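Q: Okay, so here is coords_18.txt, and as you'll see once you scroll down, it has compact mmCIF, C-alpha atoms and all ligand atoms.
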# COMPACT_ATOMS: atom_id res chain seq x y z
CA MET A 22 16.71 55.23 -0.13
CA LYS A 23 17.03 51.81 -1.71
CA ILE A 24 19.62 50.86 0.88
CA LEU A 25 17.27 51.87 3.65
CA VAL A 26 14.53 49.65 2.24
CA TYR A 27 16.94 46.72 2.08
CA CYS A 28 17.97 47.37 5.68
CA PHE A 29 14.37 47.26 6.80
CA LEU A 30 13.78 44.14 4.82
CA ILE A 31 16.75 42.40 6.40
CA LEU A 32 15.69 43.52 9.87
CA PHE A 33 12.15 42.29 9.19
CA LEU A 34 13.39 38.92 7.95
CA ALA A 35 15.69 38.56 10.93
CA LEU A 36 12.83 39.29 13.33
CA SER A 37 10.40 36.94 11.63
CA CYS A 38 12.98 34.16 11.67
CA LYS A 39 13.39 34.63 15.35
CA LYS A 40 9.64 34.44 15.80
CA ASP A 41 9.56 31.15 13.85
CA GLY A 42 12.32 29.87 16.06
CA VAL A 43 10.25 30.54 19.14
CA GLU A 44 7.16 28.92 17.68
CA ALA A 45 9.08 25.77 16.88
CA ASN A 46 9.71 25.39 20.58
CA GLU A 47 9.25 21.84 21.85
CA ASP A 48 6.13 22.65 23.86
CA ASP A 49 4.39 24.07 20.83
CA PHE A 50 3.10 20.93 19.17
CA LYS A 51 2.20 21.54 15.57
CA THR A 52 1.29 19.25 12.70
CA THR A 53 0.79 20.05 9.02
CA PRO A 54 -2.64 19.29 7.57
CA TYR A 55 -2.38 16.67 4.80
CA ASP A 56 -3.10 18.09 1.37
CA PHE A 57 -5.89 15.71 0.30
CA PRO A 58 -6.39 15.95 -3.47
CA PHE A 59 -9.47 17.77 -4.70
CA ILE A 60 -11.13 15.52 -7.28
CA SER A 61 -13.89 17.21 -9.21
CA ASN A 62 -15.73 14.01 -10.17
CA PHE A 63 -15.85 12.67 -6.58
CA ARG A 64 -17.89 13.72 -3.62
CA THR A 65 -15.88 16.02 -1.36
CA PHE A 66 -13.74 14.10 1.11
CA VAL A 67 -14.82 14.85 4.68
CA ASP A 68 -12.07 14.51 7.27
CA ASP A 69 -12.75 12.93 10.66
CA PRO A 70 -12.25 15.45 13.50
CA GLN A 71 -11.40 12.50 15.80
CA ASN A 72 -8.36 11.72 13.65
CA PRO A 73 -7.68 14.45 11.09
CA LEU A 74 -5.13 13.70 8.35
CA THR A 75 -1.72 15.26 8.93
CA ASN A 76 1.52 14.85 6.96
CA GLU A 77 3.17 13.46 10.08
CA GLY A 78 0.38 10.96 10.82
CA VAL A 79 0.15 9.75 7.23
CA ASP A 80 3.94 9.34 7.06
CA LEU A 81 3.96 7.29 10.27
CA GLY A 82 1.04 5.17 9.03
CA HIS A 83 2.91 4.49 5.78
CA TYR A 84 5.78 2.85 7.74
CA LEU A 85 3.43 0.92 10.01
CA PHE A 86 1.30 -0.41 7.15
CA PHE A 87 4.37 -2.05 5.60
CA ASP A 88 6.00 -3.15 8.88
CA ASN A 89 6.43 -6.87 9.65
CA ARG A 90 6.79 -6.06 13.35
CA LEU A 91 2.98 -6.12 13.46
CA SER A 92 2.90 -9.91 13.04
CA LYS A 93 3.83 -12.57 15.56
CA ASP A 94 6.85 -13.96 13.69
CA PHE A 95 7.90 -10.81 11.81
CA THR A 96 6.80 -12.27 8.46
CA MET A 97 3.68 -10.26 7.62
CA SER A 98 2.56 -6.69 7.34
CA CYS A 99 -0.79 -5.29 6.29
CA ALA A 100 0.67 -5.14 2.78
CA SER A 101 1.19 -8.92 2.67
CA CYS A 102 -2.55 -9.34 2.04
CA HIS A 103 -3.12 -5.85 0.64
CA GLN A 104 -0.44 -5.64 -2.04
CA PRO A 105 0.02 -2.34 -3.87
CA GLU A 106 0.29 -4.00 -7.29
CA ASN A 107 -3.01 -5.81 -6.69
CA GLY A 108 -5.00 -2.68 -5.92
CA PHE A 109 -4.13 -3.38 -2.26
CA SER A 110 -5.89 -6.76 -2.31
CA ASP A 111 -4.50 -10.30 -2.37
CA PRO A 112 -4.21 -12.44 -5.53
CA LYS A 113 -4.77 -15.51 -3.37
CA ARG A 114 -8.37 -16.63 -2.97
CA TRP A 115 -7.95 -16.87 0.78
CA SER A 116 -5.10 -15.01 2.39
CA ILE A 117 -2.71 -17.18 4.36
CA GLY A 118 -1.94 -15.92 7.88
CA VAL A 119 1.33 -16.27 9.81
CA GLU A 120 0.42 -19.78 10.97
CA GLY A 121 -0.03 -20.89 7.37
CA LEU A 122 -3.80 -21.12 7.85
CA PRO A 123 -6.22 -19.64 5.33
CA GLY A 124 -9.08 -17.31 6.26
CA LYS A 125 -12.45 -17.84 4.59
CA ARG A 126 -12.85 -14.53 2.81
CA HIS A 127 -11.01 -12.77 0.02
CA SER A 128 -8.91 -9.77 1.05
CA MET A 129 -10.49 -6.66 -0.34
CA SER A 130 -9.00 -3.75 -2.26
CA LEU A 131 -8.20 -0.76 -0.06
CA LEU A 132 -8.42 1.83 -2.84
CA ASN A 133 -10.57 4.89 -2.21
CA LEU A 134 -11.83 3.80 1.22
CA ALA A 135 -11.70 7.43 2.42
CA TRP A 136 -15.34 7.68 1.36
CA SER A 137 -16.50 4.40 2.84
CA LYS A 138 -18.41 4.18 6.10
CA GLN A 139 -18.48 0.51 7.09
CA PHE A 140 -15.69 -1.97 6.72
CA PHE A 141 -15.22 -5.69 6.04
CA TRP A 142 -17.48 -7.80 3.85
CA ASP A 143 -19.98 -7.92 6.73
CA GLY A 144 -19.61 -4.27 7.78
CA ARG A 145 -18.55 -5.08 11.34
CA ALA A 146 -16.08 -2.17 11.72
CA ALA A 147 -17.36 1.41 11.80
CA THR A 148 -14.02 3.16 11.28
CA LEU A 149 -10.71 2.26 9.69
CA ARG A 150 -8.91 2.59 13.02
CA GLU A 151 -11.31 0.13 14.61
CA GLN A 152 -10.80 -2.12 11.58
CA ALA A 153 -7.00 -2.01 11.91
CA LEU A 154 -7.15 -3.43 15.44
CA SER A 155 -8.29 -6.87 14.37
CA PRO A 156 -5.77 -8.19 11.80
CA VAL A 157 -2.94 -7.90 14.34
CA THR A 158 -4.57 -10.28 16.81
CA ASP A 159 -6.57 -12.46 14.41
CA PRO A 160 -5.12 -16.00 14.68
CA LEU A 161 -5.72 -16.50 10.94
CA GLU A 162 -3.90 -13.27 10.12
CA MET A 163 -0.97 -11.76 12.06
CA ASN A 164 -1.69 -13.71 15.26
CA SER A 165 0.17 -11.31 17.53
CA ASP A 166 -0.97 -9.36 20.58
CA TRP A 167 -1.03 -5.61 20.97
CA ASN A 168 1.34 -5.47 23.97
CA THR A 169 4.04 -7.19 21.94
CA VAL A 170 3.49 -4.97 18.91
CA VAL A 171 3.52 -1.79 21.02
CA GLU A 172 6.77 -2.87 22.71
CA ARG A 173 8.44 -3.64 19.40
CA ILE A 174 7.46 -0.29 17.86
CA GLN A 175 8.33 1.62 21.02
CA ALA A 176 11.82 0.09 20.95
CA VAL A 177 12.66 1.77 17.62
CA PRO A 178 14.05 5.31 18.14
CA THR A 179 12.94 6.58 14.70
CA TYR A 180 9.40 5.42 15.44
CA ARG A 181 9.45 7.28 18.75
CA GLU A 182 10.47 10.44 16.89
CA LYS A 183 7.69 9.94 14.37
CA PHE A 184 5.07 9.42 17.10
CA LYS A 185 6.30 12.58 18.77
CA LYS A 186 5.91 14.50 15.50
CA ALA A 187 2.49 13.04 14.69
CA PHE A 188 0.87 12.80 18.13
CA ASN A 189 3.14 14.79 20.46
CA THR A 190 4.08 11.74 22.52
CA GLU A 191 6.69 9.02 22.46
CA ALA A 192 4.37 6.70 24.37
CA VAL A 193 3.26 4.30 21.65
CA THR A 194 -0.22 2.75 22.07
CA SER A 195 -2.43 0.52 19.93
CA ASP A 196 -4.82 3.47 19.66
CA LEU A 197 -2.15 5.70 18.09
CA ILE A 198 -0.80 2.93 15.85
CA THR A 199 -4.26 2.27 14.40
CA LYS A 200 -4.93 6.01 14.06
CA ALA A 201 -1.76 6.44 12.00
CA ILE A 202 -2.63 3.42 9.84
CA GLU A 203 -6.14 4.80 9.33
CA GLN A 204 -4.68 8.08 8.12
CA TYR A 205 -2.41 6.33 5.64
CA VAL A 206 -5.12 4.02 4.30
CA LYS A 207 -7.37 7.03 3.64
CA THR A 208 -4.72 8.46 1.34
CA LEU A 209 -4.73 5.41 -0.98
CA VAL A 210 -6.70 7.28 -3.61
CA VAL A 211 -6.91 6.70 -7.37
CA TYR A 212 -8.79 9.00 -9.71
CA ASN A 213 -7.07 9.11 -13.09
CA SER A 214 -8.60 6.17 -14.94
CA ASP A 215 -10.05 6.73 -18.42
CA PHE A 216 -13.43 6.53 -16.74
CA ASP A 217 -12.56 9.44 -14.41
CA LYS A 218 -11.08 11.43 -17.27
CA ALA A 219 -14.25 10.90 -19.29
CA MET A 220 -16.30 12.05 -16.29
CA ARG A 221 -14.24 15.23 -16.13
CA GLY A 222 -14.51 15.79 -19.88
CA GLU A 223 -10.76 15.31 -20.38
CA LYS A 224 -10.98 12.24 -22.61
CA GLU A 225 -13.49 10.09 -24.48
CA LEU A 226 -14.04 6.47 -23.57
CA SER A 227 -13.33 3.94 -26.31
CA VAL A 228 -16.30 2.97 -28.48
CA ALA A 229 -16.46 -0.50 -26.88
CA ALA A 230 -16.30 0.95 -23.35
CA LYS A 231 -19.11 3.36 -24.22
CA ARG A 232 -21.27 0.47 -25.43
CA GLY A 233 -20.41 -1.35 -22.20
CA GLN A 234 -21.33 1.69 -20.15
CA ALA A 235 -24.73 1.80 -21.81
CA LEU A 236 -25.29 -1.87 -20.94
CA PHE A 237 -24.10 -1.30 -17.37
CA ASN A 238 -26.40 1.67 -16.82
CA THR A 239 -29.60 0.19 -18.25
CA GLU A 240 -31.84 -2.79 -17.51
CA LYS A 241 -30.05 -4.79 -20.23
CA ALA A 242 -27.15 -5.73 -17.93
CA ASP A 243 -28.69 -4.12 -14.86
CA CYS A 244 -25.49 -3.42 -12.94
CA PHE A 245 -26.33 0.17 -12.00
CA HIS A 246 -29.11 -0.73 -9.57
CA CYS A 247 -26.54 -1.97 -7.08
CA HIS A 248 -23.21 -0.56 -8.27
CA THR A 249 -24.83 2.87 -8.16
CA THR A 250 -23.17 5.92 -9.53
CA PRO A 251 -21.63 7.81 -6.60
CA GLU A 252 -20.34 4.62 -5.01
CA LEU A 253 -19.13 3.26 -8.30
CA LEU A 254 -17.30 6.48 -9.01
CA VAL A 255 -15.47 6.41 -5.77
CA HIS A 256 -15.34 3.20 -3.77
CA GLY A 257 -17.36 0.15 -2.93
CA SER A 258 -20.78 1.05 -1.66
CA THR A 259 -21.65 0.86 1.99
CA THR A 260 -24.82 -0.90 1.07
CA PHE A 261 -24.95 -4.60 1.75
CA MET A 262 -26.73 -6.84 -0.70
CA ASN A 263 -27.25 -10.38 -1.83
CA ASN A 264 -26.50 -10.62 -5.55
CA GLY A 265 -27.73 -14.18 -6.01
CA LEU A 266 -24.56 -16.25 -5.77
CA ASP A 267 -26.15 -19.31 -4.12
CA LEU A 268 -29.36 -21.30 -4.23
CA ILE A 269 -30.47 -21.44 -0.57
CA ASP A 270 -33.83 -22.20 1.07
CA ASN A 271 -33.12 -21.57 4.72
CA PRO A 272 -31.25 -18.33 5.62
CA ASN A 273 -29.13 -20.28 8.12
CA ASP A 274 -27.75 -22.44 5.32
CA PHE A 275 -25.48 -19.74 3.86
CA SER A 276 -21.94 -20.99 4.41
CA ASP A 277 -20.99 -17.39 5.27
CA TRP A 278 -23.75 -15.32 6.88
CA GLY A 279 -22.15 -12.00 5.87
CA LEU A 280 -23.99 -8.95 7.22
CA GLY A 281 -26.35 -11.21 9.20
CA GLY A 282 -23.40 -12.56 11.21
CA PHE A 283 -22.80 -8.99 12.38
CA THR A 284 -26.37 -7.66 12.81
CA GLY A 285 -27.80 -10.93 14.15
CA LYS A 286 -30.78 -10.67 11.77
CA SER A 287 -31.31 -13.76 9.68
CA SER A 288 -32.88 -11.55 6.98
CA ASP A 289 -29.36 -10.11 6.52
CA ASN A 290 -27.75 -13.52 6.02
CA GLY A 291 -26.07 -13.75 2.61
CA LYS A 292 -25.67 -9.97 2.20
CA PHE A 293 -22.19 -8.55 1.59
CA LYS A 294 -20.54 -5.19 1.12
CA ILE A 295 -20.57 -4.08 -2.51
CA PRO A 296 -16.88 -3.73 -3.36
CA THR A 297 -15.21 -1.14 -5.54
CA LEU A 298 -15.06 -1.90 -9.27
CA ARG A 299 -11.77 -0.05 -9.68
CA ASN A 300 -8.63 -1.72 -11.02
CA LEU A 301 -10.59 -4.97 -11.29
CA ARG A 302 -8.02 -6.84 -13.40
CA ALA A 303 -5.57 -6.45 -10.52
CA THR A 304 -7.96 -7.31 -7.68
CA ALA A 305 -8.96 -10.87 -8.75
CA PRO A 306 -10.30 -13.22 -7.55
CA TYR A 307 -13.81 -11.86 -7.06
CA MET A 308 -16.66 -11.91 -4.51
CA HIS A 309 -16.37 -12.27 -0.73
CA ASP A 310 -15.09 -15.83 -1.09
CA GLY A 311 -13.04 -15.22 -4.23
CA ARG A 312 -15.04 -17.88 -6.08
CA PHE A 313 -14.52 -16.35 -9.56
CA SER A 314 -11.01 -15.98 -10.89
CA THR A 315 -11.75 -13.90 -14.00
CA LEU A 316 -14.03 -11.04 -14.98
CA GLU A 317 -15.41 -13.25 -17.74
CA GLU A 318 -16.63 -15.69 -15.07
CA VAL A 319 -18.25 -12.82 -13.16
CA ILE A 320 -20.16 -11.67 -16.25
CA ASP A 321 -21.19 -15.28 -17.04
CA PHE A 322 -22.56 -15.57 -13.52
CA TYR A 323 -24.66 -12.41 -13.82
CA ASN A 324 -25.71 -13.42 -17.33
CA GLN A 325 -27.30 -16.66 -16.07
CA GLY A 326 -29.56 -14.69 -13.74
CA PRO A 327 -29.51 -14.80 -9.94
CA LYS A 328 -29.82 -17.98 -7.89
CA PHE A 329 -32.74 -17.71 -5.50
CA SER A 330 -32.35 -17.30 -1.72
CA PRO A 331 -34.44 -15.57 1.00
CA SER A 332 -32.37 -12.35 1.09
CA LEU A 333 -31.89 -12.06 -2.70
CA GLU A 334 -32.09 -8.38 -3.66
CA PRO A 335 -35.74 -7.66 -4.68
CA ILE A 336 -34.64 -5.65 -7.72
CA MET A 337 -32.90 -8.75 -9.09
CA ILE A 338 -36.07 -10.82 -8.65
CA ALA A 339 -38.19 -8.10 -10.27
CA GLU A 340 -35.84 -7.80 -13.24
CA ALA A 341 -35.61 -11.58 -13.72
CA ASN A 342 -39.42 -11.86 -13.57
CA ARG A 343 -39.75 -9.08 -16.11
CA ARG A 344 -37.39 -10.94 -18.45
CA VAL A 345 -39.38 -14.14 -18.04
CA LEU A 346 -42.58 -12.32 -19.06
CA GLU A 347 -41.02 -10.34 -21.90
CA PHE A 348 -38.45 -12.73 -23.35
CA ASN A 349 -39.16 -16.03 -21.66
CA ARG A 350 -35.70 -16.15 -20.05
CA TRP A 351 -34.46 -15.70 -16.44
CA GLY A 352 -30.93 -14.58 -17.40
CA LEU A 353 -29.72 -11.29 -18.91
CA GLY A 354 -29.26 -12.68 -22.42
CA ILE A 355 -25.98 -10.87 -23.04
CA THR A 356 -24.08 -11.88 -26.20
CA GLU A 357 -20.35 -12.62 -26.43
CA GLU A 358 -19.84 -9.24 -28.10
CA GLU A 359 -21.77 -7.44 -25.34
CA LYS A 360 -19.75 -9.30 -22.74
CA LYS A 361 -16.56 -7.86 -24.24
CA ASP A 362 -18.06 -4.37 -24.23
CA LEU A 363 -19.07 -4.66 -20.59
CA ILE A 364 -15.55 -5.75 -19.69
CA ALA A 365 -14.06 -2.90 -21.73
CA PHE A 366 -16.16 -0.52 -19.64
CA LEU A 367 -15.09 -2.16 -16.37
CA GLU A 368 -11.46 -1.96 -17.49
CA SER A 369 -11.82 1.76 -18.18
CA MET A 370 -11.94 2.15 -14.41
CA THR A 371 -8.30 1.08 -14.16
CA ASP A 372 -5.64 3.52 -12.99
CA ASN A 373 -2.20 2.06 -12.31
CA SER A 374 -0.35 5.37 -12.30
CA TYR A 375 -0.14 5.26 -8.49
CA LEU A 376 2.39 2.43 -8.79
CA ASN A 377 5.00 5.00 -9.87
CA ASP A 378 4.52 6.95 -6.66
CA PRO A 379 6.61 5.91 -3.61
CA HIS A 380 3.73 7.00 -1.36
CA TYR A 381 1.92 3.78 -2.37
CA LEU A 382 4.91 1.45 -2.11
CA ALA A 383 6.91 -0.12 0.71
CA PRO A 384 9.31 2.34 2.36
CA GLU A 385 12.72 1.28 3.73
CA PRO A 386 11.90 -0.37 7.08
CA LEU A 387 12.72 1.79 10.10
CA LYS A 388 15.65 0.61 12.21
C1 LIG B 1 -3.63 -12.41 6.46
C2 LIG B 1 -4.11 -11.45 5.53
C3 LIG B 1 -4.44 -10.05 6.00
C4 LIG B 1 -3.65 -9.19 6.71
C5 LIG B 1 -2.26 -9.42 7.30
C6 LIG B 1 -4.39 -7.95 6.81
N1 LIG B 1 -5.59 -8.07 6.15
FE1 LIG B 1 -6.97 -6.61 5.87
N2 LIG B 1 -8.26 -7.94 5.10
C7 LIG B 1 -7.98 -9.28 4.88
C8 LIG B 1 -9.21 -9.97 4.55
C9 LIG B 1 -9.32 -11.46 4.24
C10 LIG B 1 -10.25 -9.02 4.60
C11 LIG B 1 -11.73 -9.28 4.46
C12 LIG B 1 -12.15 -9.84 5.83
C13 LIG B 1 -13.61 -9.79 6.15
O1 LIG B 1 -14.37 -9.11 5.47
O2 LIG B 1 -14.00 -10.42 7.13
C14 LIG B 1 -9.60 -7.74 4.94
C15 LIG B 1 -10.29 -6.53 5.03
C16 LIG B 1 -9.67 -5.32 5.30
C17 LIG B 1 -10.32 -4.02 5.25
C18 LIG B 1 -11.77 -3.75 4.90
C19 LIG B 1 -11.92 -3.09 3.55
C20 LIG B 1 -13.34 -2.72 3.20
O3 LIG B 1 -13.60 -2.35 2.04
O4 LIG B 1 -14.24 -2.81 4.05
C21 LIG B 1 -9.36 -3.09 5.58
C22 LIG B 1 -9.54 -1.59 5.66
C23 LIG B 1 -8.14 -3.81 5.86
N3 LIG B 1 -8.35 -5.15 5.67
C24 LIG B 1 -6.96 -3.21 6.28
C25 LIG B 1 -5.90 -3.94 6.84
C26 LIG B 1 -4.83 -3.35 7.64
C27 LIG B 1 -4.71 -1.87 7.97
C28 LIG B 1 -4.00 -4.37 8.00
C29 LIG B 1 -2.78 -4.30 8.90
C30 LIG B 1 -3.00 -3.82 10.25
C31 LIG B 1 -4.55 -5.59 7.40
N4 LIG B 1 -5.71 -5.29 6.74
C32 LIG B 1 -3.94 -6.83 7.47
C33 LIG B 1 -6.74 -9.86 4.95
C34 LIG B 1 -5.67 -9.33 5.66
C1 LIG B 2 -28.38 -6.93 -6.66
C2 LIG B 2 -27.26 -6.06 -6.67
C3 LIG B 2 -26.19 -6.25 -7.72
C4 LIG B 2 -26.31 -6.25 -9.10
C5 LIG B 2 -27.59 -6.11 -9.92
C6 LIG B 2 -24.97 -6.39 -9.62
N1 LIG B 2 -24.07 -6.50 -8.60
FE1 LIG B 2 -22.09 -6.83 -8.78
N2 LIG B 2 -21.97 -7.12 -6.77
C7 LIG B 2 -23.00 -6.98 -5.86
C8 LIG B 2 -22.57 -7.45 -4.56
C9 LIG B 2 -23.41 -7.44 -3.28
C10 LIG B 2 -21.25 -7.90 -4.71
C11 LIG B 2 -20.40 -8.59 -3.63
C12 LIG B 2 -21.02 -9.96 -3.43
C13 LIG B 2 -20.23 -10.90 -2.59
O1 LIG B 2 -19.01 -10.80 -2.53
O2 LIG B 2 -20.84 -11.80 -2.00
C14 LIG B 2 -20.91 -7.68 -6.12
C15 LIG B 2 -19.67 -8.00 -6.68
C16 LIG B 2 -19.31 -7.71 -7.98
C17 LIG B 2 -17.99 -7.88 -8.52
C18 LIG B 2 -16.80 -8.45 -7.76
C19 LIG B 2 -15.90 -7.38 -7.23
C20 LIG B 2 -14.81 -7.90 -6.32
O3 LIG B 2 -13.83 -7.18 -6.14
O4 LIG B 2 -14.95 -8.99 -5.75
C21 LIG B 2 -18.02 -7.48 -9.82
C22 LIG B 2 -16.86 -7.46 -10.80
C23 LIG B 2 -19.38 -7.04 -10.10
N3 LIG B 2 -20.14 -7.20 -8.96
C24 LIG B 2 -19.82 -6.55 -11.31
C25 LIG B 2 -21.16 -6.42 -11.63
C26 LIG B 2 -21.66 -6.24 -12.98
C27 LIG B 2 -20.79 -6.11 -14.21
C28 LIG B 2 -23.03 -6.22 -12.90
C29 LIG B 2 -24.03 -6.15 -14.01
C30 LIG B 2 -23.92 -7.24 -14.98
C31 LIG B 2 -23.37 -6.38 -11.48
N4 LIG B 2 -22.21 -6.50 -10.76
C32 LIG B 2 -24.66 -6.42 -10.98
C33 LIG B 2 -24.24 -6.48 -6.15
C34 LIG B 2 -24.78 -6.43 -7.43
Would you give me this structure, written as structure tokens?

A:
Amino acid sequence: MKILVYCFLILFLALSCKKDGVEANEDDFKTTPYDFPFISNFRTFVDDPQNPLTNEGVDLGHYLFFDNRLSKDFTMSCASCHQPENGFSDPKRWSIGVEGLPGKRHSMSLLNLAWSKQFFWDGRAATLREQALSPVTDPLEMNSDWNTVVERIQAVPTYREKFKKAFNTEAVTSDLITKAIEQYVKTLVVYNSDFDKAMRGEKELSVAAKRGQALFNTEKADCFHCHTTPELLVHGSTTFMNNGLDLIDNPNDFSDWGLGGFTGKSSDNGKFKIPTLRNLRATAPYMHDGRFSTLEEVIDFYNQGPKFSPSLEPIMIAEANRRVLEFNRWGLGITEEEKKDLIAFLESMTDNSYLNDPHYLAPEPLK
């Protein structure tokens, strides 16, 4: 009897193998959905049906993100200005492009962008694949052209195989290159900082960080009005604001118009995307123009109170006016001790564990 069962089992296995063999036929294009981590303290990640994450697409994007073939003279990849060890930002105030010329904005962290809806400091790109089109041709960045890049990638047999696996075609296009990069960038996720663990009840924050959190989340330091909870938990917000960096009378006088340069509304001049506060020690310098090199300088700036300009966030004006009435001061009035606590809280949002995972690091270039 036992033998009979085994015989059936073997027959069954043999048949099912055969079936698999047929399904793996060349015409049957099949990708494997990417196993995006479930993170209980984040909002659920919603995939984009126009470019769903697949293992094959993410793998291809990983190679492209680190590939120097994307720049004119083979010297730069996306990772040159978005370095893994810097939270995928650039330690330089202004990134230097292939022609040795600096841009005028600081390269932003790419961590946890899977939840973000508008990209760049001025929000001019609506998707990450649209975003990825521009660095390749930007004269201050990679200064190449898409025909050249497509030709170079197409010429590499292993790339052709990977395009076939990811998109069922060996015909490389800029559309497919940017789709693969978008998929990879969405997987640059960090969620194991002390802050996350505290959110999930797995760990307590340090006493100093807890005091800092209380300052952050109340009118005392008044950070929470703009770095609001869901966005803070996950990524930079997709809200654009003016946090009072410059004293300006006429909205056209901002040296960088920010959101206004994209929307064409002068009332938006001076507003910028609120960036993520994750891994801050690694993502210096700070603000759209990288004007502050340390977190201490950032806190000092907020502590002085905002500089006035036409698009200054109304909540900042209201809070500063309240302080004038109540305490006769425009600034926050944070002590040296409180400054340290606030920084301890910001630092609790640091998670460097991803740097031990090859998924986040440069792969061997494809030949
Ligand atoms: C020469 C440096 C440089 C290179 C190369 C570069 N970037 Fe950037 N990146 C920047 C700078 C600077 C910004 C901010 C620009 C702005 O807001 O106008 C930025 C912004 C971004 C953003 C927006 C992030 C957000 O929060 O909105 C994404 C995404 C991004 N880059 C991805 C890429 C990808 C993908 C590549 C490769 C195809 C790439 N970058 C190549 C410097 C660079
Ligand atoms: C009115 C809204 C607002 C308030 C209040 C506010 N921020 Fe910001 N924060 C912003 C905006 C907008 C930016 C980006 C501004 C820019 O680059 O021009 C920013 C940038 C930052 C950055 C730089 C991040 C980077 O990667 O460049 C840090 C750090 C920061 N804020 C911390 C704080 C802290 C701490 C507080 C409370 C003391 C605070 N913020 C209060 C809106 C605000």

Q: Can I get the residues of chain A within 7 Å of ligand LIG 1 (chain B), each with the closest pair of atoms and their distance in Å to one decimal, using all atoms listed in the file, sorted chain first then ascending number, as a Markdown table?

A:
| residue | atom | partner | partner_atom | distance |
| --- | --- | --- | --- | --- |
| A:Phe86 | CA | B:LIG1 | C29 | 5.9 |
| A:Met97 | CA | B:LIG1 | C5 | 6.0 |
| A:Ser98 | CA | B:LIG1 | C5 | 5.5 |
| A:Cys99 | CA | B:LIG1 | C29 | 3.4 |
| A:Ala100 | CA | B:LIG1 | C32 | 6.8 |
| A:Ser101 | CA | B:LIG1 | C5 | 5.8 |
| A:Cys102 | CA | B:LIG1 | C2 | 4.4 |
| A:His103 | CA | B:LIG1 | N1 | 6.4 |
| A:Trp115 | CA | B:LIG1 | C9 | 6.6 |
| A:Ser116 | CA | B:LIG1 | C2 | 4.8 |
| A:Ile117 | CA | B:LIG1 | C1 | 5.3 |
| A:Gly118 | CA | B:LIG1 | C1 | 4.1 |
| A:Gly124 | CA | B:LIG1 | C9 | 6.2 |
| A:Arg126 | CA | B:LIG1 | C9 | 4.9 |
| A:His127 | CA | B:LIG1 | C9 | 4.7 |
| A:Ser128 | CA | B:LIG1 | C8 | 3.5 |
| A:Met129 | CA | B:LIG1 | C15 | 5.4 |
| A:Ser130 | CA | B:LIG1 | O3 | 6.5 |
| A:Leu131 | CA | B:LIG1 | C19 | 5.7 |
| A:Leu134 | CA | B:LIG1 | O3 | 6.5 |
| A:Gln139 | CA | B:LIG1 | O4 | 6.2 |
| A:Phe140 | CA | B:LIG1 | O4 | 3.2 |
| A:Phe141 | CA | B:LIG1 | O1 | 3.6 |
| A:Trp142 | CA | B:LIG1 | O1 | 3.7 |
| A:Asp143 | CA | B:LIG1 | O1 | 5.9 |
| A:Gly144 | CA | B:LIG1 | O4 | 6.7 |
| A:Leu149 | CA | B:LIG1 | C22 | 5.7 |
| A:Gln152 | CA | B:LIG1 | C22 | 6.1 |
| A:Ala153 | CA | B:LIG1 | C27 | 4.6 |
| A:Leu154 | CA | B:LIG1 | C30 | 6.7 |
| A:Pro156 | CA | B:LIG1 | C32 | 4.9 |
| A:Val157 | CA | B:LIG1 | C30 | 5.8 |
| A:Leu161 | CA | B:LIG1 | C1 | 6.4 |
| A:Glu162 | CA | B:LIG1 | C1 | 3.8 |
| A:Met163 | CA | B:LIG1 | C5 | 5.5 |
| A:Ile202 | CA | B:LIG1 | C27 | 6.0 |
| A:Glu203 | CA | B:LIG1 | C27 | 7.0 |
| A:Val206 | CA | B:LIG1 | C27 | 7.0 |
| A:Gly257 | CA | B:LIG1 | O3 | 6.7 |
| A:Pro296 | CA | B:LIG1 | O3 | 6.5 |

Q: Mind listing the residues within 7 Å of ligand LIG 2 (chain B), only C-alpha atoms and all ligand atoms counted, as a VMD selection string?

A: chain A and resid 129 237 242 to 248 261 to 264 266 292 to 298 301 304 to 311 316 319 to 320 323 to 324 334 336 to 337 363

Q: Just give me the gap between CA of Asn76 (chain A) and CA of Pro54 (chain A) in Å, one decimal is fine.

A: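 Pair CA of Asn76 (chain A) / CA of Pro54 (chain A) returns 6.1 Å.
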
Q: In Å to one decimal, how far is CA of Thr260 (chain A) from CA of Lys360 (chain A)?

A: 25.8 Å

Q: Given 6 Å on each side, where is the centre and what are the edge lengths in Å to one decimal of the axis-aligned box enclosing the listed atoms of region 327-336 of chain A, as JSON?

A:
{"center_x": -32.6, "center_y": -11.8, "center_z": -4.4, "size_x": 18.2, "size_y": 24.3, "size_z": 23.0}

Q: Write out as a PyMOL selection string each polymer residue whose atoms come within 7 Å of Gly108 (chain A), counting only C-alpha atoms; drop sequence neighbours fewer than 2 positions from it.

A: chain A and resi 104-106+110+130-132+300+303-304
